[in-house]
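This report concerns only the one structure given below.
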Amino acid sequence: MNPIENLIPNMPQETIEAFKENLDFSKRLMTYYSCALLEIETKFNVLNRQFSLEQEHNPIDTIKTRLKSPESILEKMKRKNLPLNIESVEANLNDVAGVRVICPFIKDIYLLADCLLEQDDVWLLERKDYIKHPKPNGYRSLHLIVETPIFLKDEKRMMKVEVQLRTIAMDFWANLEHRMRYKKNLSPELTQMLAKDLKDCAESSAALDIKMEQIKDLIEENAQS
C-alpha cells in the first residue's frame, strides 16, 4: 500500500488513483506555486538587504519555503470534505505554498509584514496574529495568506502563498511541539505532562523575546546619544 492509500484507507481505489493522476498531470500547477514562492522569498530578501544597508540591522535570520506533498493535500481535502480535484485545491487550500520567515525580534516581524503588504502586487487575503493572541497550547506566530501574480510566457496568474513570521525562539518551540505531537506510543499521562511543560516553555520564550528586544532597544538608544 502506498503512502496516499495509507492516509485514507476507506477511500475507493479508483478515487485515489484519479486524484494521483490529476496531481501528476497538474505538475504545472505545482510549478506555479513554486514560482509564487520565489516571488515572495525574493521580496523578503530584498527587504532584508535594504534594512541591512540603511539601518545596519538584518530583520531576517532565515527564510524557509515548502510545498505541500500530494499526500498532505489529499489528507486535508478529505478532512474538509472538499472535491478531490485540482480546481478544488486551488480554490480552497491557502497553504499549498508556504514561506516561513524567522526574525531576531518581534518588532522585525511586524515591520516585515507591513513592508510586504504595502507592495502594490501583494494582496492580503487573511491575517491571524498568534503573537498577540497565542493558541491555547502556547503557539505564537504571525500568519498571512497573500496573493501575488506570477508572469508566465502568455499570461499573468494570481497565486496564494501562506507566510509565517516568527522569532527564533518561537520557531524553536514550534519545532519541538511538532515533534511531540507526531510521536507515537506516548501514554496519555506523558502527553498531558509534556503539553503542560511546553506551554510553560512557550511563556518563558515569549518573556525572553520581550526581554531581548528591550536590551536591543536600550543599546540602540545609548549608541545614538
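Every chain in the C-alpha cells takes a letter, A first, then B, and so on in the order presented; its residues are numbered from 1, and the ligands are numbered from 1 following the presented order.
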
Margin query: DSSP on the backbone, strand (DSSP E or B) only: what residues of stretch 10-220 of chain A does that give? Format it as a PyMOL selection string.
Written below: chain A and resi 62-67+97-103+123-129+142-151+156-167

Residues at most 12 Å from A:Cys35, counting only C-alpha atoms, excluding those fewer than 2 positions away in the same chain, as an mmCIF file with C-alpha atoms, in the first residue's frame?
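Output saved as around_30.cif:
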```
data_model
loop_
_atom_site.group_PDB
_atom_site.id
_atom_site.type_symbol
_atom_site.label_atom_id
_atom_site.label_comp_id
_atom_site.auth_asym_id
_atom_site.auth_seq_id
_atom_site.Cartn_x
_atom_site.Cartn_y
_atom_site.Cartn_z
ATOM 1 C CA ARG A 28 2.267 22.655 -13.951
ATOM 2 C CA LEU A 29 0.132 23.977 -11.083
ATOM 3 C CA MET A 30 2.759 22.998 -8.521
ATOM 4 C CA THR A 31 5.329 24.777 -10.677
ATOM 5 C CA TYR A 32 3.138 27.879 -10.485
ATOM 6 C CA TYR A 33 3.127 27.603 -6.688
ATOM 7 C CA LEU A 37 7.254 31.099 -3.502
ATOM 8 C CA LEU A 38 10.203 32.544 -5.395
ATOM 9 C CA GLU A 39 8.371 35.857 -5.778
ATOM 10 C CA ILE A 40 7.618 36.184 -2.066
ATOM 11 C CA GLU A 41 11.029 34.908 -0.971
ATOM 12 C CA THR A 42 12.722 37.430 -3.254
ATOM 13 C CA THR A 65 9.961 27.615 1.819
ATOM 14 C CA ARG A 66 7.908 24.468 1.273
ATOM 15 C CA LEU A 67 5.261 22.964 -0.994
ATOM 16 C CA ALA A 97 2.839 27.102 -0.881
ATOM 17 C CA GLY A 98 4.388 28.317 2.351
ATOM 18 C CA THR A 148 0.613 37.687 -5.736
ATOM 19 C CA PRO A 149 0.899 37.462 -9.521
ATOM 20 C CA ILE A 150 3.377 35.349 -11.417
ATOM 21 C CA PHE A 151 4.121 36.337 -15.006
ATOM 22 C CA LEU A 152 4.217 33.441 -17.436
ATOM 23 C CA LYS A 156 -0.446 36.566 -15.589
ATOM 24 C CA ARG A 157 -1.682 34.188 -12.888
ATOM 25 C CA MET A 158 -2.659 35.040 -9.314
ATOM 26 C CA MET A 159 -1.314 32.591 -6.722
ATOM 27 C CA LYS A 160 -1.863 32.194 -2.971
ATOM 28 C CA VAL A 161 1.006 31.860 -0.513
#
```

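Residue neighbourhood of A:Met180, excluding near-sequence residues (fewer than 3 positions): Ala174, Asn175, Leu176, Glu177, Lys183, Lys184, Leu186, Thr191, Leu194, Ala195 and Leu198 of chain A, at 10 Å, using only C-alpha atoms.
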
Check: Which residue, A:Ile106, A:Leu111, A:Val163, A:Ile60, has the smallest gap to A:Ala36 when you use only C-alpha atoms?
Finding: A:Val163

Next item on the list: Give me the residues within 7 Å of A:Leu125 as an MDAnalysis selection string, counting only C-alpha atoms and dropping any in the same chain fewer than 6 places off.
Entry: chainID A and resid 145:147

Would you output that residue set with all heavy atoms, as an mmCIF file, in the first residue's frame?
```cif
data_model
loop_
_atom_site.group_PDB
_atom_site.id
_atom_site.type_symbol
_atom_site.label_atom_id
_atom_site.label_comp_id
_atom_site.auth_asym_id
_atom_site.auth_seq_id
_atom_site.Cartn_x
_atom_site.Cartn_y
_atom_site.Cartn_z
ATOM 1 N N ILE A 145 -2.098 35.100 4.729
ATOM 2 C CA ILE A 145 -2.391 34.489 3.440
ATOM 3 C C ILE A 145 -2.401 35.623 2.435
ATOM 4 O O ILE A 145 -3.205 36.556 2.539
ATOM 5 C CB ILE A 145 -3.743 33.755 3.428
ATOM 6 C CG1 ILE A 145 -3.803 32.712 4.542
ATOM 7 C CG2 ILE A 145 -3.971 33.112 2.060
ATOM 8 C CD1 ILE A 145 -2.790 31.603 4.419
ATOM 9 N N VAL A 146 -1.481 35.569 1.488
ATOM 10 C CA VAL A 146 -1.373 36.642 0.498
ATOM 11 C C VAL A 146 -1.564 36.076 -0.900
ATOM 12 O O VAL A 146 -1.419 34.873 -1.130
ATOM 13 C CB VAL A 146 -0.021 37.368 0.598
ATOM 14 C CG1 VAL A 146 0.168 37.985 1.980
ATOM 15 C CG2 VAL A 146 1.145 36.441 0.259
ATOM 16 N N GLU A 147 -1.875 36.968 -1.795
ATOM 17 C CA GLU A 147 -1.994 36.611 -3.203
ATOM 18 C C GLU A 147 -1.056 37.514 -3.998
ATOM 19 O O GLU A 147 -0.972 38.715 -3.731
ATOM 20 C CB GLU A 147 -3.439 36.792 -3.679
ATOM 21 C CG GLU A 147 -3.750 36.123 -4.994
ATOM 22 C CD GLU A 147 -5.239 36.127 -5.303
ATOM 23 O OE1 GLU A 147 -5.854 37.209 -5.200
ATOM 24 O OE2 GLU A 147 -5.785 35.061 -5.635
#
```

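Atom CA of A:Cys103 is found 17.8 Å from atom CA of A:Glu220.
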
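Each of A:Asp171, A:Glu162, A:Asp108, A:Glu75 was checked against A:His143 using only C-alpha atoms; the smallest atom-to-atom distance is that of A:Glu162.
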
Note to self: Quick one: residues within 12 Å of A:Ser26, only C-alpha atoms, excluding same-chain residues fewer than 6 positions away - as a list in words?
What the structure shows: Phe19, Lys20, Tyr32, Tyr33, Pro70, Asn85, Ile86, Glu87, Val89 and Glu90 of chain A

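Of the listed residues A:Arg166, A:Arg79, A:Lys199, A:Lys135, the one whose atoms come nearest to A:Tyr110 is A:Arg166, with distances taken using only C-alpha atoms.
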
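For the atom pair formed by atom CA of A:Leu208 and atom CA of A:Leu47, the distance is 25.7 Å, given to one decimal.
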
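Selecting alpha helix (DSSP H) from the backbone DSSP output for stretch 77-133 of chain A yields Met77, Lys78, Arg79, Ile86, Glu87, Ser88, Val89, Glu90, Ala91, Asn92, Ile106, Lys107, Asp108, Ile109, Tyr110, Leu111, Leu112, Ala113, Asp114, Cys115, Leu116 and Leu117 of chain A.
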
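Of the listed residues A:Leu144, A:Ile102, A:Ala207, A:Leu165, the one whose atoms come nearest to A:Trp123 is A:Leu144, with distances taken using only C-alpha atoms.
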
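Taking atom CA of A:Lys27 as the reference point, atom CA of A:Asn81 is found at 23.1 Å.
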
Margin query: Quick one: residues within 12 Å of A:Glu203, only C-alpha atoms, excluding same-chain residues fewer than 3 positions away - as a PyMOL selection string?
Written below: chain A and resi 131+134-140+169-170+173+196-200+206-210
